[in-house]
Amino acid sequence: MITLKEALTLDDKKISTLKEQLKQSIKSDAQLNAYIDIQNVGSGVPIAIKDNIQVKDWSVTSGSNILQGYIAPYNATVITKLLQSGLSPFGRTNMDEFAMGSTTESSFYGKTLNPINRDCVPGGSSGGSAAAVAAGLAVAALGSDTGGSIRQPAAFCGIVGMKPTYGRVSRYGLGAYASSLDQIGPITQNVEDAAILYDIISGYDTKDSTSANIQYEKISDKLNLDRKLRIAILPKYVKDASLDVQKAYNDTIDALSKDGHTIVEKEMEDPKYDISAYYITATAEAATNLARYDGIRYGNQKTGNNLEELYVKTRSEGFGDEVKRRIMLGNFVLSSGYYDAYYVKAQKVRHLIKDNYAKIFENVDLILSPVAPDTAYKFGALHNPLDMYLSDIYTISINLAGLPAISLPVANASNGMPIGLQLIANAFDEQTLFDGAMSLERLMGY
Ligand code: GLN
């Protein structure tokens with residue numbers, strides 16, 4: 001597939017041809033189920049859009065039954081920005097329902113397959129976007145990352161996924177999962193394309209009260225592959241990953257060191273509380289955000305004999321199991337008897353995580369970490385929800401701390417599946433993040 005950088009130089013006629021070819025390929029590989037449907041706005045370079053980002057007049061459903069029939073009345077800010085830069089929202093991609101999951105198995109539209117090995121999950125929750133890019137069915141895509149949903153599917157599919165600093169990209173028009181963690185970001189074939197797409201979608205937005213009102217400089221035209229950086233590694237933290245991932249990690253460290261980067265050993269203080277802090281925070285916010293899907297304000301209304309029955313039927317039939325589980329967990333940790341014991345404690349842990357990262361960044365530019373403990377799982381391999389939650393160990397603390405990170409493939413495992421590693425930067429230091437990622441991409445030659 002042509003890269004985003006190349007596609008941006010095409011004339012209108014070539015772009016229409018590209019779109020026609022894409023439509024054909026998407027139809028002939030319908031079994032992959034990367035796309036929910038193909039819609040198009042504008043005449044620019046096609047960008048695939050995760051089904052939780054509002055595109056005016058499109059059906060946008062967050063992969064859920066409860067939003068069947070909903071038509072977006074406005075554009076998300078990122079969509080407005082794509083259109084202003086001459087790009088076209090093209091196709092809605094599949095996702096875990098309300099972005100809750102790590103495998104894209106929980107969508108109302110059925111599971112998406114991993115194009116590298118169709119017995120495996122593509123990762124999640126932005127599995128449709130990642131599978132589309134990896135299969136050559138998209139030039140580039142947008143995803144959203146609350147606890148890894150851009151970086152982990154990118155890693156599982158052997159492509160690049162980037163989560164911006166919290167506040168860098170407007171969340172206006174993004175279907176909220178956990179508002180203090182969600183960020184929209186690029187899923188692309190290479191690092192430079194990620195920088196180009198990131199430049200296009202980022203910037204201050206008055207429509208998002210959590211958008212960062214700080215100076216923003218374009219970075220894709222001043223990427224520096226030759227910068228020598230101080231990179232932290234986390235030897236103890238990495239011990240929980242598979243041997244293949246550990247080997248890829250160590251090989252990457254050797255390559256970085258030979259290339260003249262300075263490697264500094266650091267540790268995450270006590271990562272065992274990360275999962276608890278994340279799943280308490282994320283479910284608490286999700287329970288609140290999803291209260292609006294009651295069949296009155298939003299959501300496919302079911303009839304009942306009274307208001308309560310209407311709510312119960314709408315929500316019981318509209319939401320899938322994983323979403324219901326999280327609404328219950330979220331309401332539990334926010335309930336009066338348990339608020340201090342769970343929710344407040346999780347916020348304290350969140351502060352400790354942030355402080356720990358701040359301490360590491362006192363004398364390094366970047367941190368190198370695995371993205372996931374293993375390569376893409378076989379379908380059904382994560383038997384219970386807790387196993388799935390545990391598999392997020394390497395991605396979630398970055399969202400809790402609000403930091404930018406980029407996942408890129410570095411090697412293949414013994415089973416032939418790609419292994420992704422991530423670089424993490426200090427808040428708002430996307431320039432260093434992309435400089436380091438460009439350098440790493442060239443080094444590993446994946
Ligand atoms: N797997 C994590 C969760 O289910 C992250 C999902 C995401 O980033 N949207 O919460």
# chains A, B, ... in the order shown; residues from 1 in each chain; ligands from 1
>>> residues_near_ligand(ligand="ligand 1", cutoff="7 Å", atoms="only C-alpha atoms and all ligand atoms", output="count of residues only")
17
>>> closest_atom_pairs(of="segment 148-196 of chain A", to="segment 407-413 of chain A", cutoff="10 Å", atoms="only C-alpha atoms", output="Markdown table")
| residue | atom | partner | partner_atom | distance |
| --- | --- | --- | --- | --- |
| A:Gly148 | CA | A:Ser407 | CA | 9.7 |
| A:Ile150 | CA | A:Ser407 | CA | 8.4 |
| A:Arg151 | CA | A:Ser407 | CA | 5.2 |
| A:Gln152 | CA | A:Ser407 | CA | 7.5 |
| A:Pro153 | CA | A:Ser407 | CA | 9.4 |
| A:Ala154 | CA | A:Ser407 | CA | 6.8 |
| A:Ala155 | CA | A:Pro409 | CA | 6.0 |
| A:Phe156 | CA | A:Pro409 | CA | 8.7 |
| A:Cys157 | CA | A:Pro409 | CA | 8.6 |
| A:Gly158 | CA | A:Pro409 | CA | 5.2 |
| A:Ile159 | CA | A:Pro409 | CA | 6.0 |
| A:Val160 | CA | A:Leu408 | CA | 4.7 |
| A:Gly161 | CA | A:Ser407 | CA | 5.3 |
| A:Met162 | CA | A:Ser407 | CA | 6.2 |
| A:Lys163 | CA | A:Ser407 | CA | 8.6 |
| A:Ile187 | CA | A:Ser407 | CA | 9.6 |
| A:Thr188 | CA | A:Leu408 | CA | 9.8 |
| A:Gln189 | CA | A:Leu408 | CA | 9.5 |
| A:Asn190 | CA | A:Leu408 | CA | 8.0 |
| A:Val191 | CA | A:Leu408 | CA | 7.7 |
>>> atom_distance(atom1="atom CA of Ala232 of chain A", atom2="atom CA of Lys266 of chain A")
6.0 Å
>>> closest_residue(among="A:Glu309, A:Glu362, A:Glu20, A:Asp254", to="Asn40 of chain A", atoms="only C-alpha atoms")
A:Glu20
>>> select_by_dssp(residues="segment 199-424 of chain A", states="alpha helix (DSSP H)", output="PyMOL selection string")
chain A and resi 199-201+243-258+274-289+307-318+321-334+345-360+385-390+396-401
>>> closest_residue(among="A:Leu83, A:Lys56, A:Gly337, A:Gly110", to="Gly42 of chain A", atoms="only C-alpha atoms")
A:Leu83
>>> closest_residue(among="A:Ser439, A:Asn399, A:Asn356, A:Thr80", to="Glu192 of chain A", atoms="only C-alpha atoms")
A:Ser439
>>> select_by_dssp(residues="segment 262-445 of chain A", states="strand (DSSP E or B)", output="list of chain:residue names")
A:Thr262, A:Ile263, A:Val264, A:Glu265, A:Tyr293, A:Tyr298, A:Leu366, A:Ile367, A:Leu368, A:Ser369, A:Pro370, A:Lys378, A:Ala405, A:Ile406, A:Ser407, A:Leu408, A:Pro409, A:Val410, A:Ala411, A:Asn412, A:Pro418, A:Ile419, A:Gly420, A:Leu421, A:Gln422, A:Leu423, A:Ile424, A:Ala425
>>> closest_residue(among="A:Ser170, A:Tyr198, A:Gln422, A:Asp57", to="Gly69 of chain A", atoms="only C-alpha atoms")
A:Asp57
>>> atom_distance(atom1="atom CA of Ile116 of chain A", atom2="atom CA of Leu18 of chain A")
22.9 Å
